[in-house]
$ cat upload.pdb   # PDB, C-alpha atoms and all ligand atoms
ATOM      1  CA  MET A 613     -21.167  -4.082  13.967  1.00  0.00           C
ATOM      2  CA  SER A 614     -22.960  -7.401  14.295  1.00  0.00           C
ATOM      3  CA  ASN A 615     -20.149  -9.816  13.495  1.00  0.00           C
ATOM      4  CA  GLN A 616     -17.388  -8.036  15.406  1.00  0.00           C
ATOM      5  CA  GLN A 617     -16.922 -11.065  17.609  1.00  0.00           C
ATOM      6  CA  ALA A 618     -16.606 -13.541  14.769  1.00  0.00           C
ATOM      7  CA  CYS A 619     -13.743 -11.594  13.261  1.00  0.00           C
ATOM      8  CA  GLY A 620     -10.202 -11.218  14.530  1.00  0.00           C
ATOM      9  CA  THR A 621      -9.410  -8.415  16.923  1.00  0.00           C
ATOM     10  CA  SER A 622      -5.739  -8.130  16.040  1.00  0.00           C
ATOM     11  CA  GLN A 623      -4.672  -4.595  15.213  1.00  0.00           C
ATOM     12  CA  ILE A 624      -1.728  -5.806  13.188  1.00  0.00           C
ATOM     13  CA  ALA A 625      -1.857  -4.471   9.634  1.00  0.00           C
ATOM     14  CA  GLY A 626      -0.119  -6.003   6.672  1.00  0.00           C
ATOM     15  CA  CYS A 627       0.578  -5.797   2.987  1.00  0.00           C
ATOM     16  CA  ARG A 628       1.516  -8.554   0.564  1.00  0.00           C
ATOM     17  CA  PHE A 629       2.977  -6.973  -2.553  1.00  0.00           C
ATOM     18  CA  SER A 630       5.097  -7.537  -5.615  1.00  0.00           C
ATOM     19  CA  VAL A 631       7.230  -5.115  -7.569  1.00  0.00           C
ATOM     20  CA  HIS A 632       7.652  -5.835 -11.253  1.00  0.00           C
ATOM     21  CA  PRO A 633      10.333  -3.774 -13.001  1.00  0.00           C
ATOM     22  CA  MET A 634      10.109  -4.009 -16.789  1.00  0.00           C
ATOM     23  CA  THR A 635      13.835  -4.426 -17.331  1.00  0.00           C
ATOM     24  CA  ASP A 636      16.410  -7.201 -17.778  1.00  0.00           C
ATOM     25  CA  ASP A 637      17.942  -5.855 -14.571  1.00  0.00           C
ATOM     26  CA  PHE A 638      14.800  -6.675 -12.550  1.00  0.00           C
ATOM     27  CA  VAL A 639      16.649  -8.630  -9.830  1.00  0.00           C
ATOM     28  CA  ASN A 640      18.794  -5.627  -8.896  1.00  0.00           C
ATOM     29  CA  VAL A 641      15.843  -3.235  -8.991  1.00  0.00           C
ATOM     30  CA  ILE A 642      13.719  -5.459  -6.710  1.00  0.00           C
ATOM     31  CA  LEU A 643      16.440  -6.503  -4.290  1.00  0.00           C
ATOM     32  CA  GLY A 644      18.028  -3.018  -4.328  1.00  0.00           C
ATOM     33  CA  ALA A 645      14.746  -1.386  -3.327  1.00  0.00           C
ATOM     34  CA  LEU A 646      14.135  -3.962  -0.578  1.00  0.00           C
ATOM     35  CA  GLU A 647      17.641  -3.434   0.800  1.00  0.00           C
ATOM     36  CA  GLU A 648      17.654   0.376   0.650  1.00  0.00           C
ATOM     37  CA  VAL A 649      14.605   0.657   2.874  1.00  0.00           C
ATOM     38  CA  ASP A 650      14.739   0.484   6.673  1.00  0.00           C
ATOM     39  CA  THR A 651      12.349  -2.337   7.584  1.00  0.00           C
ATOM     40  CA  SER A 652      13.327  -2.698  11.237  1.00  0.00           C
ATOM     41  CA  LYS A 653       9.873  -1.720  12.528  1.00  0.00           C
ATOM     42  CA  VAL A 654       7.998  -4.328  10.487  1.00  0.00           C
ATOM     43  CA  TRP A 655       7.910  -8.106  10.252  1.00  0.00           C
ATOM     44  CA  MET A 656       8.992  -8.896   6.681  1.00  0.00           C
ATOM     45  CA  GLU A 657       9.333 -11.982   4.513  1.00  0.00           C
ATOM     46  CA  THR A 658      10.270 -12.138   0.819  1.00  0.00           C
ATOM     47  CA  ASP A 659       9.833 -15.160  -1.439  1.00  0.00           C
ATOM     48  CA  ASP A 660       9.934 -15.832  -5.174  1.00  0.00           C
ATOM     49  CA  VAL A 661       6.458 -14.359  -5.743  1.00  0.00           C
ATOM     50  CA  SER A 662       6.002 -11.477  -3.311  1.00  0.00           C
ATOM     51  CA  THR A 663       6.971  -9.749  -0.073  1.00  0.00           C
ATOM     52  CA  CYS A 664       4.835  -9.539   3.057  1.00  0.00           C
ATOM     53  CA  VAL A 665       5.207  -6.756   5.657  1.00  0.00           C
ATOM     54  CA  ARG A 666       3.258  -6.680   8.935  1.00  0.00           C
ATOM     55  CA  GLY A 667       3.090  -4.234  11.823  1.00  0.00           C
ATOM     56  CA  ARG A 668       1.548  -0.842  12.629  1.00  0.00           C
ATOM     57  CA  ILE A 669      -0.358   0.903   9.830  1.00  0.00           C
ATOM     58  CA  SER A 670       2.114   3.809   9.762  1.00  0.00           C
ATOM     59  CA  HIS A 671       5.098   1.520   9.147  1.00  0.00           C
ATOM     60  CA  ILE A 672       3.315  -0.657   6.585  1.00  0.00           C
ATOM     61  CA  PHE A 673       2.673   2.429   4.450  1.00  0.00           C
ATOM     62  CA  ASP A 674       6.083   3.973   5.199  1.00  0.00           C
ATOM     63  CA  VAL A 675       7.855   0.803   4.003  1.00  0.00           C
ATOM     64  CA  THR A 676       5.712   0.065   0.914  1.00  0.00           C
ATOM     65  CA  ASN A 677       5.856   3.725  -0.166  1.00  0.00           C
ATOM     66  CA  ALA A 678       9.657   3.730   0.220  1.00  0.00           C
ATOM     67  CA  ILE A 679      10.165   0.445  -1.664  1.00  0.00           C
ATOM     68  CA  PHE A 680       8.001   1.652  -4.567  1.00  0.00           C
ATOM     69  CA  VAL A 681       9.771   5.013  -4.972  1.00  0.00           C
ATOM     70  CA  HIS A 682      13.220   3.446  -4.609  1.00  0.00           C
ATOM     71  CA  ALA A 683      12.388   0.980  -7.401  1.00  0.00           C
ATOM     72  CA  ALA A 684      10.807   3.706  -9.559  1.00  0.00           C
ATOM     73  CA  LYS A 685      13.665   6.202  -9.129  1.00  0.00           C
ATOM     74  CA  THR A 686      15.771   3.886 -11.329  1.00  0.00           C
ATOM     75  CA  GLY A 687      13.674   5.329 -14.184  1.00  0.00           C
ATOM     76  CA  LYS A 688      12.577   1.863 -15.249  1.00  0.00           C
ATOM     77  CA  HIS A 689       8.922   1.145 -15.825  1.00  0.00           C
ATOM     78  CA  VAL A 690       7.846  -0.345 -12.486  1.00  0.00           C
ATOM     79  CA  ALA A 691       4.525  -1.927 -11.566  1.00  0.00           C
ATOM     80  CA  PHE A 692       3.520  -2.540  -7.952  1.00  0.00           C
ATOM     81  CA  SER A 693       0.636  -4.728  -6.959  1.00  0.00           C
ATOM     82  CA  GLY A 694      -0.384  -5.261  -3.339  1.00  0.00           C
ATOM     83  CA  THR A 695      -3.122  -6.205  -0.897  1.00  0.00           C
ATOM     84  CA  PHE A 696      -3.361  -4.304   2.398  1.00  0.00           C
ATOM     85  CA  SER A 697      -5.304  -5.882   5.248  1.00  0.00           C
ATOM     86  CA  ILE A 698      -6.194  -5.184   8.878  1.00  0.00           C
ATOM     87  CA  GLY A 699      -8.433  -7.203  11.176  1.00  0.00           C
ATOM     88  CA  CYS A 700      -7.767 -10.484   9.425  1.00  0.00           C
ATOM     89  CA  PRO A 701      -9.077 -13.254  11.679  1.00  0.00           C
ATOM     90  CA  GLY A 702      -6.203 -15.179  13.190  1.00  0.00           C
ATOM     91  CA  ASP A 703      -3.525 -12.617  12.319  1.00  0.00           C
ATOM     92  CA  THR A 704      -1.610 -12.402  15.598  1.00  0.00           C
ATOM     93  CA  GLU A 705       1.877 -13.764  14.961  1.00  0.00           C
ATOM     94  CA  GLY A 706       4.391 -10.951  15.043  1.00  0.00           C
ATOM     95  CA  ASP A 707       2.245  -8.658  17.192  1.00  0.00           C
ATOM     96  CA  VAL A 708       5.446  -7.672  18.928  1.00  0.00           C
ATOM     97  CA  TYR A 709       5.935  -5.130  16.118  1.00  0.00           C
ATOM     98  CA  LEU A 710       2.870  -3.228  17.373  1.00  0.00           C
ATOM     99  CA  ALA A 711       4.991  -2.077  20.311  1.00  0.00           C
ATOM    100  CA  GLU A 712       7.055   0.144  17.981  1.00  0.00           C
ATOM    101  CA  ASP A 713       6.409   3.893  18.145  1.00  0.00           C
ATOM    102  CA  ASP A 714       4.958   5.735  15.141  1.00  0.00           C
ATOM    103  CA  VAL A 715       8.208   7.468  14.102  1.00  0.00           C
ATOM    104  CA  ARG A 716       8.627   6.616  10.415  1.00  0.00           C
ATOM    105  CA  LEU A 717      12.089   5.417   9.474  1.00  0.00           C
ATOM    106  CA  ASN A 718      11.985   6.109   5.729  1.00  0.00           C
ATOM    107  CA  GLU A 719      10.011   9.333   5.385  1.00  0.00           C
ATOM    108  CA  ASP A 720      13.006  11.712   5.323  1.00  0.00           C
ATOM    109  CA  VAL A 721      14.458  10.004   2.249  1.00  0.00           C
ATOM    110  CA  THR A 722      11.161   9.076   0.587  1.00  0.00           C
ATOM    111  CA  LYS A 723       9.854  12.643   0.601  1.00  0.00           C
ATOM    112  CA  THR A 724      12.822  13.800  -1.499  1.00  0.00           C
ATOM    113  CA  ILE A 725      11.873  11.442  -4.353  1.00  0.00           C
ATOM    114  CA  GLU A 726       9.419  12.876  -6.879  1.00  0.00           C
ATOM    115  CA  GLN A 727       7.680  10.228  -8.917  1.00  0.00           C
ATOM    116  CA  PRO A 728       4.600  10.778 -11.069  1.00  0.00           C
ATOM    117  CA  THR A 729       2.458   7.689 -10.644  1.00  0.00           C
ATOM    118  CA  ALA A 730      -0.818   6.139 -11.779  1.00  0.00           C
ATOM    119  CA  CYS A 731      -2.809   4.085  -9.306  1.00  0.00           C
ATOM    120  CA  GLN A 732      -5.947   1.977  -9.259  1.00  0.00           C
ATOM    121  CA  PHE A 733      -7.227   0.885  -5.860  1.00  0.00           C
ATOM    122  CA  ALA A 734     -10.252  -0.917  -4.515  1.00  0.00           C
ATOM    123  CA  LEU A 735     -11.498  -0.833  -0.928  1.00  0.00           C
ATOM    124  CA  TYR A 736     -13.295  -3.775   0.660  1.00  0.00           C
ATOM    125  CA  PRO A 737     -14.734  -2.838   4.090  1.00  0.00           C
ATOM    126  CA  MET A 738     -15.739  -6.343   5.079  1.00  0.00           C
ATOM    127  CA  GLY A 739     -18.330  -7.196   7.713  1.00  0.00           C
ATOM    128  CA  ASP A 740     -20.195  -3.881   7.287  1.00  0.00           C
ATOM    129  CA  GLY A 741     -23.670  -3.737   5.725  1.00  0.00           C
ATOM    130  CA  ASP A 742     -23.140  -0.093   4.708  1.00  0.00           C
ATOM    131  CA  TYR A 743     -19.973  -0.873   2.799  1.00  0.00           C
ATOM    132  CA  MET A 744     -20.880   1.217  -0.287  1.00  0.00           C
ATOM    133  CA  ASP A 745     -21.368   4.332   1.897  1.00  0.00           C
ATOM    134  CA  VAL A 746     -17.944   3.744   3.438  1.00  0.00           C
ATOM    135  CA  ILE A 747     -16.355   3.436  -0.013  1.00  0.00           C
ATOM    136  CA  TYR A 748     -18.090   6.543  -1.470  1.00  0.00           C
ATOM    137  CA  HIS A 749     -17.145   8.611   1.577  1.00  0.00           C
ATOM    138  CA  GLN A 750     -13.487   7.585   1.510  1.00  0.00           C
ATOM    139  CA  VAL A 751     -13.200   8.251  -2.235  1.00  0.00           C
ATOM    140  CA  GLN A 752     -14.609  11.778  -1.654  1.00  0.00           C
ATOM    141  CA  GLU A 753     -12.107  12.366   1.145  1.00  0.00           C
ATOM    142  CA  ILE A 754      -9.070  11.251  -0.862  1.00  0.00           C
ATOM    143  CA  ALA A 755      -9.963  13.815  -3.546  1.00  0.00           C
ATOM    144  CA  LYS A 756      -9.049  16.572  -1.051  1.00  0.00           C
ATOM    145  CA  LEU A 757      -5.412  15.470  -0.946  1.00  0.00           C
ATOM    146  CA  GLY A 758      -4.159  16.867  -4.248  1.00  0.00           C
ATOM    147  CA  VAL A 759      -4.395  13.759  -6.410  1.00  0.00           C
ATOM    148  CA  ASP A 760      -6.637  13.402  -9.477  1.00  0.00           C
ATOM    149  CA  VAL A 761      -9.445  10.973  -8.727  1.00  0.00           C
ATOM    150  CA  SER A 762     -11.557   9.218 -11.331  1.00  0.00           C
ATOM    151  CA  SER A 763     -13.796   6.182 -11.512  1.00  0.00           C
ATOM    152  CA  VAL A 764     -13.045   3.026 -13.424  1.00  0.00           C
ATOM    153  CA  HIS A 765     -14.900  -0.278 -13.289  1.00  0.00           C
ATOM    154  CA  TYR A 766     -14.184  -2.124 -10.017  1.00  0.00           C
ATOM    155  CA  ALA A 767     -11.638   0.462  -8.789  1.00  0.00           C
ATOM    156  CA  THR A 768     -10.834   4.142  -8.259  1.00  0.00           C
ATOM    157  CA  ARG A 769      -8.045   5.717 -10.241  1.00  0.00           C
ATOM    158  CA  LEU A 770      -5.554   8.169  -8.729  1.00  0.00           C
ATOM    159  CA  ASP A 771      -3.011  10.177 -10.717  1.00  0.00           C
ATOM    160  CA  GLY A 772      -0.353  12.237  -8.995  1.00  0.00           C
ATOM    161  CA  GLU A 773       2.879  12.097  -7.027  1.00  0.00           C
ATOM    162  CA  ALA A 774       3.634   8.671  -5.537  1.00  0.00           C
ATOM    163  CA  ASN A 775       4.038  10.097  -2.030  1.00  0.00           C
ATOM    164  CA  ASP A 776       0.661  11.895  -2.202  1.00  0.00           C
ATOM    165  CA  ILE A 777      -0.976   8.723  -3.481  1.00  0.00           C
ATOM    166  CA  PHE A 778       0.446   6.663  -0.606  1.00  0.00           C
ATOM    167  CA  LYS A 779      -0.708   9.363   1.860  1.00  0.00           C
ATOM    168  CA  GLY A 780      -4.218   9.104   0.421  1.00  0.00           C
ATOM    169  CA  LEU A 781      -4.232   5.312   0.477  1.00  0.00           C
ATOM    170  CA  GLU A 782      -3.104   5.318   4.108  1.00  0.00           C
ATOM    171  CA  GLN A 783      -5.883   7.779   4.975  1.00  0.00           C
ATOM    172  CA  VAL A 784      -8.545   5.648   3.268  1.00  0.00           C
ATOM    173  CA  PHE A 785      -7.303   2.506   5.012  1.00  0.00           C
ATOM    174  CA  THR A 786      -6.988   4.129   8.472  1.00  0.00           C
ATOM    175  CA  LYS A 787     -10.350   5.927   8.359  1.00  0.00           C
ATOM    176  CA  THR A 788     -12.146   2.799   7.194  1.00  0.00           C
ATOM    177  CA  LYS A 789     -10.705   0.852  10.112  1.00  0.00           C
ATOM    178  CA  GLU A 790     -11.511   3.701  12.538  1.00  0.00           C
ATOM    179  CA  SER A 791     -15.106   3.818  11.290  1.00  0.00           C
ATOM    180  CA  GLY A 792     -15.579   0.407  12.944  1.00  0.00           C
ATOM    181  CA  CYS A 793     -15.000  -1.967  10.052  1.00  0.00           C
ATOM    182  CA  SER A 794     -13.850  -5.272  11.532  1.00  0.00           C
ATOM    183  CA  HIS A 795     -11.768  -6.423   8.559  1.00  0.00           C
ATOM    184  CA  THR A 796     -10.570  -3.935   5.941  1.00  0.00           C
ATOM    185  CA  VAL A 797      -8.916  -5.037   2.718  1.00  0.00           C
ATOM    186  CA  MET A 798      -7.553  -2.734   0.008  1.00  0.00           C
ATOM    187  CA  THR A 799      -6.014  -3.794  -3.288  1.00  0.00           C
ATOM    188  CA  VAL A 800      -3.577  -1.414  -4.973  1.00  0.00           C
ATOM    189  CA  SER A 801      -1.966  -1.365  -8.417  1.00  0.00           C
ATOM    190  CA  LEU A 802       0.630   1.297  -9.194  1.00  0.00           C
ATOM    191  CA  SER A 803       2.532   2.136 -12.331  1.00  0.00           C
ATOM    192  CA  ALA A 804       5.508   4.470 -12.745  1.00  0.00           C
ATOM    193  CA  ASN A 805       7.548   5.461 -15.806  1.00  0.00           C
ATOM    194  CA  SER A 806       5.270   3.630 -18.213  1.00  0.00           C
ATOM    195  CA  PRO A 807       5.696   4.731 -21.837  1.00  0.00           C
ATOM    196  CA  SER A 808       1.882   4.665 -21.971  1.00  0.00           C
ATOM    197  CA  HIS A 809       1.676   7.485 -19.386  1.00  0.00           C
ATOM    198  CA  LYS A 810       3.023   9.913 -22.004  1.00  0.00           C
ATOM    199  CA  GLY A 811       0.250  11.508 -24.007  1.00  0.00           C
ATOM    200  CA  GLY A 812      -2.527  10.589 -21.610  1.00  0.00           C
ATOM    201  CA  LYS A 813      -3.503   7.756 -19.337  1.00  0.00           C
TER     202      LYS A 813
HETATM  203  C1  LIG B 901       8.484  -6.833  -3.550  1.00  0.00           C
HETATM  204  C2  LIG B 901       8.723  -8.149  -4.238  1.00  0.00           C
HETATM  205  N1  LIG B 901       9.069  -9.207  -3.490  1.00  0.00           N
HETATM  206  C3  LIG B 901       9.317 -10.397  -4.071  1.00  0.00           C
HETATM  207  C4  LIG B 901       9.194 -10.531  -5.429  1.00  0.00           C
HETATM  208  C5  LIG B 901       9.472 -11.858  -6.085  1.00  0.00           C
HETATM  209  N2  LIG B 901      10.673 -11.785  -6.886  1.00  0.00           N
HETATM  210  C6  LIG B 901      10.628 -11.861  -8.238  1.00  0.00           C
HETATM  211  S1  LIG B 901      12.165 -11.698  -8.922  1.00  0.00           S
HETATM  212  C7  LIG B 901      12.912 -11.517  -7.414  1.00  0.00           C
HETATM  213  C8  LIG B 901      14.392 -11.282  -7.282  1.00  0.00           C
HETATM  214  C9  LIG B 901      15.192 -12.513  -7.538  1.00  0.00           C
HETATM  215  O1  LIG B 901      14.819 -13.568  -6.750  1.00  0.00           O
HETATM  216  C10 LIG B 901      11.960 -11.621  -6.404  1.00  0.00           C
HETATM  217  C11 LIG B 901      12.325 -11.533  -4.971  1.00  0.00           C
HETATM  218  C12 LIG B 901       8.812  -9.403  -6.186  1.00  0.00           C
HETATM  219  N3  LIG B 901       8.685  -9.411  -7.530  1.00  0.00           N
HETATM  220  N4  LIG B 901       8.578  -8.219  -5.559  1.00  0.00           N
END
$ encode --input "upload.pdb" --output "structure tokens"
Amino acid sequence: MSNQQACGTSQIAGCRFSVHPMTDDFVNVILGALEEVDTSKVWMETDDVSTCVRGRISHIFDVTNAIFVHAAKTGKHVAFSGTFSIGCPGDTEGDVYLAEDDVRLNEDVTKTIEQPTACQFALYPMGDGDYMDVIYHQVQEIAKLGVDVSSVHYATRLDGEANDIFKGLEQVFTKTKESGCSHTVMTVSLSANSPSHKGGK
């Protein structure tokens, strides 16, 4: 890749995300989900707008998956919106978290939570001239994982279990990075328990 040198070489991955529960009790749903999840293998900061987690890819997806299903298991309509990134130039602070092993701290609990979910994601393999090939290939691959895949303008839609969707998103993100993309960005919107899900999309 021609501009490999211009871009950062940090292998730290991250996600900046917000959870929006459609309920008067939103503070408890947000803070409850953040507290219930073991975040000791990621760097994490929460403010009034969003939360940022940084560390190894496995833990970024383990933690965001867990926070989403913990918020959604309340039964409230919950929306999640996040941006995943790896290879961001200058992203080195907190690299100490890369020394963690890949044992996921939340998987045992997360996998017991069933949560039908709708997702729209968009992949941005930056710094690669063949970016559309990368996107088409990854969308084909995610279809093998047991989630319904369809096309919408500017994104790909996934319908299925939250845990399967997160597995697919992690695969897309990891494979894009492994294919040599110097800076990979993926935006994700999720919706659970929406009254609009009943009777179609
Ligand atoms: C994951 C996540 N992190 C932070 C916020 C921002 N936020 C909005 S209300 C609230 C609780 C009371 O301060 C917080 C932290 C969010 N929505 N989702």
$ closest_residue --input "upload.pdb" --among "A:Met738, A:Cys664, A:Cys731, A:Met744" --to "ligand LIG 901 (chain B)" --atoms "all atoms listed in the file"
A:Cys664
$ resolve_selection --input "upload.pdb" --expression "the PyMOL selection byres (((not hetatm)) within 8 of (chain B and resi 901))" --output "MDAnalysis selection string"
chainID A and resid 629:632 638:640 642:643 646 658:664 679 692
$ residues_around --input "upload.pdb" --residues "region 773-779 of chain A" --least-positions-apart "6" --cutoff "7 Å" --atoms "all atoms listed in the file" --output "MDAnalysis selection string"
chainID A and resid 673 677 723 726:729 759
$ closest_residue --input "upload.pdb" --among "A:Cys627, A:Ala730, A:Val721, A:Val708" --to "His809 (chain A)" --atoms "all atoms listed in the file"
A:Ala730
$ resolve_selection --input "upload.pdb" --expression "the PyMOL selection byres (((chain A and resi 703) around 10) and not hetatm)" --output "mmCIF file with C-alpha atoms, in the coordinates of the input"
data_model
loop_
_atom_site.group_PDB
_atom_site.id
_atom_site.type_symbol
_atom_site.label_atom_id
_atom_site.label_comp_id
_atom_site.auth_asym_id
_atom_site.auth_seq_id
_atom_site.Cartn_x
_atom_site.Cartn_y
_atom_site.Cartn_z
ATOM 1 C CA GLY A 620 -10.202 -11.218 14.530
ATOM 2 C CA THR A 621 -9.410 -8.415 16.923
ATOM 3 C CA SER A 622 -5.739 -8.130 16.040
ATOM 4 C CA GLN A 623 -4.672 -4.595 15.213
ATOM 5 C CA ILE A 624 -1.728 -5.806 13.188
ATOM 6 C CA ALA A 625 -1.857 -4.471 9.634
ATOM 7 C CA GLY A 626 -0.119 -6.003 6.672
ATOM 8 C CA ARG A 666 3.258 -6.680 8.935
ATOM 9 C CA SER A 697 -5.304 -5.882 5.248
ATOM 10 C CA ILE A 698 -6.194 -5.184 8.878
ATOM 11 C CA GLY A 699 -8.433 -7.203 11.176
ATOM 12 C CA CYS A 700 -7.767 -10.484 9.425
ATOM 13 C CA PRO A 701 -9.077 -13.254 11.679
ATOM 14 C CA GLY A 702 -6.203 -15.179 13.190
ATOM 15 C CA THR A 704 -1.610 -12.402 15.598
ATOM 16 C CA GLU A 705 1.877 -13.764 14.961
ATOM 17 C CA GLY A 706 4.391 -10.951 15.043
ATOM 18 C CA ASP A 707 2.245 -8.658 17.192
#
$ closest_residue --input "upload.pdb" --among "A:Thr635, A:Gln732, A:Thr676, A:Asn718" --to "Asp771 (chain A)" --atoms "all atoms listed in the file"
A:Gln732
$ closest_residue --input "upload.pdb" --among "A:Thr768, A:Thr722, A:Gln750, A:Ser762" --to "Lys685 (chain A)" --atoms "all atoms listed in the file"
A:Thr722
$ atom_distance --input "upload.pdb" --atom1 "CA of Leu802 (chain A)" --atom2 "CA of Phe696 (chain A)"
13.5 Å
$ residues_around --input "upload.pdb" --residues "Met798 (chain A)" --least-positions-apart "4" --cutoff "8 Å" --atoms "all atoms listed in the file" --output "PyMOL selection string"
chain A and resi 695-697+733-736+785
$ closest_residue --input "upload.pdb" --among "A:Ala684, A:Leu757, A:Ala804, A:Ile669" --to "Val715 (chain A)" --atoms "only C-alpha atoms"
A:Ile669
$ residues_around --input "upload.pdb" --residues "Val665 (chain A)" --least-positions-apart "3" --cutoff "8 Å" --atoms "all atoms listed in the file" --output "number ranges by chain"
A: 626-628, 654-657, 672
$ atom_distance --input "upload.pdb" --atom1 "CA of Ser791 (chain A)" --atom2 "CA of Val681 (chain A)"
29.7 Å
$ decode --input "upload.pdb" --residues "region 626-643 of chain A" --atoms "N, CA and C atoms" --output "short mmCIF file (atom, residue, chain, number, x, y, z; two decimals), in the first residue's frame"
data_model
loop_
_atom_site.label_atom_id
_atom_site.label_comp_id
_atom_site.auth_asym_id
_atom_site.auth_seq_id
_atom_site.Cartn_x
_atom_site.Cartn_y
_atom_site.Cartn_z
N GLY A 626 -10.08 1.07 18.51
CA GLY A 626 -10.94 1.82 19.41
C GLY A 626 -12.35 1.94 18.90
N CYS A 627 -13.23 2.30 19.79
CA CYS A 627 -14.62 2.59 19.39
C CYS A 627 -15.14 3.74 20.23
N ARG A 628 -15.68 4.73 19.57
CA ARG A 628 -16.40 5.81 20.28
C ARG A 628 -17.88 5.59 20.02
N PHE A 629 -18.67 5.43 21.08
CA PHE A 629 -20.06 5.03 20.89
C PHE A 629 -20.97 5.69 21.92
N SER A 630 -22.23 5.75 21.56
CA SER A 630 -23.26 6.22 22.48
C SER A 630 -24.39 5.21 22.52
N VAL A 631 -24.99 5.08 23.68
CA VAL A 631 -26.18 4.25 23.83
C VAL A 631 -27.32 5.19 24.17
N HIS A 632 -28.41 5.04 23.45
CA HIS A 632 -29.56 5.93 23.68
C HIS A 632 -30.79 5.10 24.00
N PRO A 633 -31.10 4.92 25.27
CA PRO A 633 -32.31 4.19 25.65
C PRO A 633 -33.52 5.13 25.60
N MET A 634 -34.58 4.65 24.94
CA MET A 634 -35.77 5.50 24.78
C MET A 634 -36.67 5.29 26.00
N THR A 635 -36.23 5.84 27.13
CA THR A 635 -36.98 5.68 28.37
C THR A 635 -36.60 6.82 29.32
N ASP A 636 -37.56 7.18 30.20
CA ASP A 636 -37.25 8.20 31.21
C ASP A 636 -36.09 7.76 32.09
N ASP A 637 -35.92 6.45 32.20
CA ASP A 637 -34.91 5.87 33.08
C ASP A 637 -33.55 5.72 32.37
N PHE A 638 -33.30 6.59 31.37
CA PHE A 638 -32.11 6.39 30.52
C PHE A 638 -30.81 6.41 31.29
N VAL A 639 -30.72 7.22 32.37
CA VAL A 639 -29.45 7.31 33.11
C VAL A 639 -29.09 5.95 33.69
N ASN A 640 -30.08 5.29 34.31
CA ASN A 640 -29.80 3.97 34.90
C ASN A 640 -29.46 2.93 33.84
N VAL A 641 -30.15 3.00 32.70
CA VAL A 641 -29.86 2.01 31.65
C VAL A 641 -28.43 2.19 31.12
N ILE A 642 -28.04 3.44 30.87
CA ILE A 642 -26.69 3.70 30.34
C ILE A 642 -25.63 3.35 31.39
N LEU A 643 -25.76 3.95 32.57
CA LEU A 643 -24.73 3.75 33.58
C LEU A 643 -24.73 2.31 34.09
#
